[in-house]
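Peer 1: For reference, the structure I am asking about is given below.
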Amino acid sequence: MKLTARTLILDLLLAIEGQPLSARDAISGAALLGIRENNVRIALMRLSTEGLIEAVDRGLYRLSGAAHELAGEVATWRTIEARTRPWRGDWLVVHSGPLGRSDRRRMKARQRALDMLGFRPLDPGLEVRPDNIEDSVDAVRARLVKLGLEAEAGVFVASQFDAAREARIASLWDGKALNAAYRNLGKELEAWMQRAAQLEPEVAARESLLMGRNAIRQVVFDPMLPSPMVDADARHAFIETVRAYDRAGQAIWRQVRGLPPLV
């Protein structure tokens with residue numbers, strides 16, 4: 001995803017976890033990334049008009065209530081593994097066939113919800129994933145609706161697909177590519193943390209944001225597949241590395257902003 005003034009502001013608000021963001025800090029952060037001050041001010045105005053952020057004081061902004069549901073889901077990447085459980089071979093299924101296809105906004109929200117929970121299309125209007133997340137189908141349904149799936153969509157657990165569909169289901173996710181991403185991106189983050197102290201603070205802040213947003217996106221959209229579909233130990237090690245990287249990046253940004261280190 002391209003980094004713009006808009007996405008930068010939202011990224012910074014997510015990173016500071018509920019604290020207000022000043023326009024000054026948004027502008028200074030944008031300057032490190034080559035984004036102009038005027039673009040930041042326009043983005044702040046438009047995000048406010050759209051109801052995604054709200055002013056808490058002059059020049060201070062926070063995520064609005066309307067944005068908190070999706071933002072809260074993204075922010076839970078740090079504890080995403082706690083939402084998985086052992087897999088017994090069943091599948092979660094979303095039946096979206098009767099839902100409309102003319103409203104692009106609703107379709108985009110629907111697809112985002114399905115993507116964030118790792119669903120993949122099996123047949124037209126039928127999306128599946130392993131039944132190894134949350135503690136019940138009701139919890140999965142509620143989470144999907146919170147993320148943008150229409151409440152009238154069918155969400156249920158299924159098993160005993162015919163042999164042809166079982167074979168197709170097994171090919172919907174590329175476990176080898178996921179395992180490679182865990183190891184390769186994890187190594188990149190570890191290498192950066194080892195050399196971060198030798199970088200100028202502004203350079204380190206810029207690099208930490210650009211690399212960090214890609215790593216966090218990888219976690220947020222990870223399908224959280226069970227073993228043996230992926231190497232769950234490699235995924236756990238990767239998520240631990242992203243957590244450490246996130247802490248290091250936040251410390252650098254606090255240094256650049258002249259704030260005291262977190263205790």
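Naming scheme: A, B, ... for chains in displayed order of the structure tokens; residues 1 onward per chain; ligands 1 onward as shown.
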Would you list the contacts of region 229-235 of chain A as an MDAnalysis selection string, taking every protein, DNA or RNA residue within 10 Å and counting only C-alpha atoms, but skipping same-chain residues closer than 2 positions in sequence?

Peer 2: chainID A and resid 81 130 170 173:183 186 219 222 224:227 237:241

Peer 1: Please provide as number ranges by chain all residues within 9 Å of region 23-40 of chain A, with the sequence filter that same-chain residues fewer than 4 positions apart are discarded (counting only C-alpha atoms).

Peer 2: A: 3-6, 8-9, 12, 44-45, 59-61, 202-203, 205-206, 210, 253, 256-257

Peer 1: Calculated over only C-alpha atoms, which of the candidates A:Ile169, A:Ser22, A:Ala82, A:Val93 has the smallest distance to Ile53 (chain A)?

Peer 2: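 Among A:Ile169, A:Ser22, A:Ala82, A:Val93, it is A:Ser22 that comes nearest to Ile53 (chain A).
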
Peer 1: Of the candidates A:Ala163, A:Leu209, A:Ala251, A:Ile216, which shows the shortest atom-to-atom distance to Ala197 (chain A), using only C-alpha atoms?

Peer 2: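 Smallest distance to Ala197 (chain A) is found for A:Ala251.
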
Peer 1: Show me, as a CSV table (one decimal) with all heavy atoms, in the first residue's frame, the residues that have an atom within 9 Å of Val137 (chain A) when counting only C-alpha atoms, minus same-chain residues fewer than 6 positions from it.

Peer 2:
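Final output, saved to selection23.csv:
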chain,number,residue,atom,x,y,z
A,92,LEU,N,-14.6,-23.3,8.4
A,92,LEU,CA,-15.5,-22.2,8.5
A,92,LEU,C,-15.9,-21.8,7.1
A,92,LEU,O,-15.1,-21.7,6.2
A,92,LEU,CB,-14.8,-21.0,9.2
A,92,LEU,CG,-14.7,-21.2,10.7
A,92,LEU,CD1,-13.7,-20.1,11.2
A,92,LEU,CD2,-16.0,-21.0,11.4
A,131,ASP,N,-11.3,-24.1,10.5
A,131,ASP,CA,-12.0,-23.7,11.7
A,131,ASP,C,-11.1,-23.8,12.9
A,131,ASP,O,-11.2,-24.6,13.8
A,131,ASP,CB,-13.2,-24.6,11.9
A,131,ASP,CG,-14.0,-24.2,13.1
A,131,ASP,OD1,-13.9,-23.0,13.6
A,131,ASP,OD2,-14.8,-25.1,13.6
A,155,VAL,N,-22.8,-17.8,7.9
A,155,VAL,CA,-21.5,-18.1,8.5
A,155,VAL,C,-21.7,-19.4,9.3
A,155,VAL,O,-22.5,-19.4,10.2
A,155,VAL,CB,-20.9,-17.0,9.4
A,155,VAL,CG1,-19.5,-17.4,9.8
A,155,VAL,CG2,-20.9,-15.7,8.6
A,156,PHE,N,-21.0,-20.5,8.9
A,156,PHE,CA,-21.3,-21.8,9.5
A,156,PHE,C,-20.0,-22.7,9.4
A,156,PHE,O,-19.1,-22.3,8.7
A,156,PHE,CB,-22.5,-22.5,8.9
A,156,PHE,CG,-22.4,-22.6,7.4
A,156,PHE,CD1,-21.9,-23.7,6.8
A,156,PHE,CD2,-22.9,-21.6,6.6
A,156,PHE,CE1,-21.9,-23.8,5.4
A,156,PHE,CE2,-22.9,-21.7,5.2
A,156,PHE,CZ,-22.3,-22.8,4.6
A,157,VAL,N,-20.1,-23.8,10.1
A,157,VAL,CA,-19.0,-24.8,10.0
A,157,VAL,C,-19.4,-25.9,9.1
A,157,VAL,O,-20.6,-26.4,9.2
A,157,VAL,CB,-18.6,-25.3,11.4
A,157,VAL,CG1,-17.5,-26.4,11.4
A,157,VAL,CG2,-18.2,-24.2,12.3

Peer 1: Could you give me, as a list in words, each residue of region 79-159 of chain A that DSSP assigns to alpha helix (DSSP H) when run on this structure's backbone?

Peer 2: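 Residues of region 79-159 of chain A classed as alpha helix (DSSP H): Arg104, Arg105, Arg106, Met107, Lys108, Ala109, Arg110, Gln111, Arg112, Ala113, Leu114, Asp115, Met116, Val137, Asp138, Ala139, Val140, Arg141, Ala142, Arg143, Leu144, Val145, Lys146 and Leu147 of chain A.
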
Peer 1: Which residues, written as an NGL selection string, have at least one atom at most 7 Å from Glu134 (chain A), with only C-alpha atoms counted and residues fewer than 4 positions away on the same chain left out?

Peer 2: :A and (83-84 or 139-140)

Peer 1: Using only C-alpha atoms, which protein or nucleic acid residues come within 9 Å of Met107 (chain A)? Drop anything in the same chain fewer than 6 positions from it, and give the result as a list in words.

Peer 2: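 Listed by chain and then number, they are Gly100, Arg101, Gly148 and Leu149 of chain A.
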
Peer 1: Looking at A:His236, A:Arg254, A:Arg129, A:Arg62, which one is nearest to Leu21 (chain A), with distances taken over only C-alpha atoms?

Peer 2: A:Arg62

Peer 1: Can you pull out every residue from region 5-217 of chain A that DSSP, working from the backbone, puts in strand (DSSP E or B), and format the result as number ranges by chain?

Peer 2: A: 21-22, 53-57, 60-63, 84, 91-95, 120-123, 126-130, 133, 154-158

Peer 1: Filtering to N, CA and C atoms, could you give me those residues as an mmCIF file, in the first residue's frame?

Peer 2:
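Listed below is the output, again-v4.cif:
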data_model
loop_
_atom_site.group_PDB
_atom_site.id
_atom_site.type_symbol
_atom_site.label_atom_id
_atom_site.label_comp_id
_atom_site.auth_asym_id
_atom_site.auth_seq_id
_atom_site.Cartn_x
_atom_site.Cartn_y
_atom_site.Cartn_z
ATOM 1 N N LEU A 21 -2.763 12.677 18.514
ATOM 2 C CA LEU A 21 -1.661 13.024 17.631
ATOM 3 C C LEU A 21 -1.776 14.502 17.298
ATOM 4 N N SER A 22 -0.678 15.227 17.467
ATOM 5 C CA SER A 22 -0.710 16.648 17.129
ATOM 6 C C SER A 22 -0.435 16.840 15.646
ATOM 7 N N ILE A 53 -11.352 10.714 11.995
ATOM 8 C CA ILE A 53 -10.628 11.286 13.126
ATOM 9 C C ILE A 53 -11.455 12.440 13.681
ATOM 10 N N GLU A 54 -11.143 12.828 14.911
ATOM 11 C CA GLU A 54 -11.846 13.942 15.533
ATOM 12 C C GLU A 54 -10.856 14.763 16.346
ATOM 13 N N ALA A 55 -11.118 16.049 16.439
ATOM 14 C CA ALA A 55 -10.248 16.947 17.200
ATOM 15 C C ALA A 55 -10.595 16.839 18.674
ATOM 16 N N VAL A 56 -9.561 16.698 19.515
ATOM 17 C CA VAL A 56 -9.773 16.668 20.964
ATOM 18 C C VAL A 56 -9.336 17.985 21.601
ATOM 19 N N ASP A 57 -8.600 18.776 20.843
ATOM 20 C CA ASP A 57 -8.155 20.102 21.267
ATOM 21 C C ASP A 57 -7.605 20.764 20.014
ATOM 22 N N LEU A 60 -4.964 18.855 17.927
ATOM 23 C CA LEU A 60 -4.788 17.494 18.453
ATOM 24 C C LEU A 60 -5.912 16.610 17.927
ATOM 25 N N TYR A 61 -5.541 15.416 17.446
ATOM 26 C CA TYR A 61 -6.518 14.530 16.826
ATOM 27 C C TYR A 61 -6.408 13.116 17.384
ATOM 28 N N ARG A 62 -7.541 12.404 17.328
ATOM 29 C CA ARG A 62 -7.565 10.989 17.681
ATOM 30 C C ARG A 62 -8.526 10.277 16.727
ATOM 31 N N LEU A 63 -8.444 8.954 16.706
ATOM 32 C CA LEU A 63 -9.382 8.191 15.891
ATOM 33 C C LEU A 63 -10.788 8.389 16.429
ATOM 34 N N THR A 84 -6.278 -18.120 18.158
ATOM 35 C CA THR A 84 -6.272 -19.397 17.446
ATOM 36 C C THR A 84 -6.449 -20.548 18.423
ATOM 37 N N TRP A 91 -14.152 -26.831 8.562
ATOM 38 C CA TRP A 91 -13.934 -25.577 7.846
ATOM 39 C C TRP A 91 -14.988 -24.542 8.212
ATOM 40 N N LEU A 92 -14.569 -23.309 8.352
ATOM 41 C CA LEU A 92 -15.503 -22.200 8.470
ATOM 42 C C LEU A 92 -15.907 -21.770 7.071
ATOM 43 N N VAL A 93 -17.189 -21.508 6.891
ATOM 44 C CA VAL A 93 -17.707 -21.164 5.570
ATOM 45 C C VAL A 93 -18.537 -19.888 5.660
ATOM 46 N N VAL A 94 -18.346 -19.008 4.694
ATOM 47 C CA VAL A 94 -19.193 -17.819 4.537
ATOM 48 C C VAL A 94 -19.927 -17.947 3.214
ATOM 49 N N HIS A 95 -21.257 -17.872 3.280
ATOM 50 C CA HIS A 95 -22.079 -17.914 2.067
ATOM 51 C C HIS A 95 -22.543 -16.499 1.771
ATOM 52 N N ARG A 120 -10.857 -17.698 1.776
ATOM 53 C CA ARG A 120 -10.527 -17.753 0.364
ATOM 54 C C ARG A 120 -11.719 -18.318 -0.412
ATOM 55 N N PRO A 121 -11.928 -17.876 -1.670
ATOM 56 C CA PRO A 121 -13.085 -18.337 -2.451
ATOM 57 C C PRO A 121 -12.940 -19.784 -2.902
ATOM 58 N N LEU A 122 -13.953 -20.585 -2.610
ATOM 59 C CA LEU A 122 -13.997 -21.972 -3.061
ATOM 60 C C LEU A 122 -14.893 -22.105 -4.299
ATOM 61 N N ASP A 123 -16.106 -21.623 -4.188
ATOM 62 C CA ASP A 123 -17.066 -21.556 -5.293
ATOM 63 C C ASP A 123 -17.635 -20.146 -5.307
ATOM 64 N N LEU A 126 -19.003 -18.551 -2.090
ATOM 65 C CA LEU A 126 -18.675 -19.460 -0.985
ATOM 66 C C LEU A 126 -17.203 -19.312 -0.627
ATOM 67 N N GLU A 127 -16.940 -18.837 0.584
ATOM 68 C CA GLU A 127 -15.566 -18.626 1.049
ATOM 69 C C GLU A 127 -15.300 -19.539 2.235
ATOM 70 N N VAL A 128 -14.063 -20.059 2.323
ATOM 71 C CA VAL A 128 -13.743 -21.009 3.389
ATOM 72 C C VAL A 128 -12.403 -20.673 4.045
ATOM 73 N N ARG A 129 -12.212 -21.238 5.227
ATOM 74 C CA ARG A 129 -10.930 -21.221 5.922
ATOM 75 C C ARG A 129 -10.976 -22.318 6.985
ATOM 76 N N PRO A 130 -9.817 -22.752 7.491
ATOM 77 C CA PRO A 130 -9.833 -23.738 8.570
ATOM 78 C C PRO A 130 -10.561 -23.194 9.811
ATOM 79 N N ILE A 133 -9.955 -20.530 14.441
ATOM 80 C CA ILE A 133 -9.887 -19.193 15.040
ATOM 81 C C ILE A 133 -11.117 -18.949 15.905
ATOM 82 N N GLY A 154 -24.461 -15.888 5.451
ATOM 83 C CA GLY A 154 -24.428 -17.139 6.202
ATOM 84 C C GLY A 154 -23.010 -17.459 6.641
ATOM 85 N N VAL A 155 -22.832 -17.752 7.921
ATOM 86 C CA VAL A 155 -21.519 -18.139 8.465
ATOM 87 C C VAL A 155 -21.728 -19.414 9.260
ATOM 88 N N PHE A 156 -21.025 -20.489 8.891
ATOM 89 C CA PHE A 156 -21.260 -21.775 9.544
ATOM 90 C C PHE A 156 -20.023 -22.656 9.418
ATOM 91 N N VAL A 157 -20.058 -23.809 10.076
ATOM 92 C CA VAL A 157 -18.964 -24.782 10.031
ATOM 93 C C VAL A 157 -19.391 -25.940 9.142
ATOM 94 N N ALA A 158 -18.485 -26.427 8.309
ATOM 95 C CA ALA A 158 -18.791 -27.524 7.394
ATOM 96 C C ALA A 158 -17.651 -28.540 7.385
#

Peer 1: Val74 (chain A): which residues within 9 Å, counting only C-alpha atoms, same-chain residues fewer than 5 positions away excluded, as a PyMOL selection string?

Peer 2: chain A and resi 14+69+216-217+220

Peer 1: Compare A:Asp103, A:Asp115, A:Asp162, A:Glu207 by their minimum atom-to-atom distance to Tyr245 (chain A), counting only C-alpha atoms, and give me the closest one.

Peer 2: A:Glu207

Peer 1: Ranking A:Gln111, A:Gln194, A:Ser136, A:Ser208 by minimum distance to Gly249 (chain A) and counting only C-alpha atoms, which one comes first?

Peer 2: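 Distance minimum relative to Gly249 (chain A) lands on A:Ser208.
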
Peer 1: What separation in Å, quoted to one decimal, exists between CA of Gln160 (chain A) and CA of Asp90 (chain A)?

Peer 2: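 About the pair CA of Gln160 (chain A) and CA of Asp90 (chain A): they are 8.2 Å apart.
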
Peer 1: Which residue, A:Ala191, A:Leu99, A:Ala15, A:Met211, has the smallest gap to Arg247 (chain A) when you use only C-alpha atoms?

Peer 2: A:Ala15
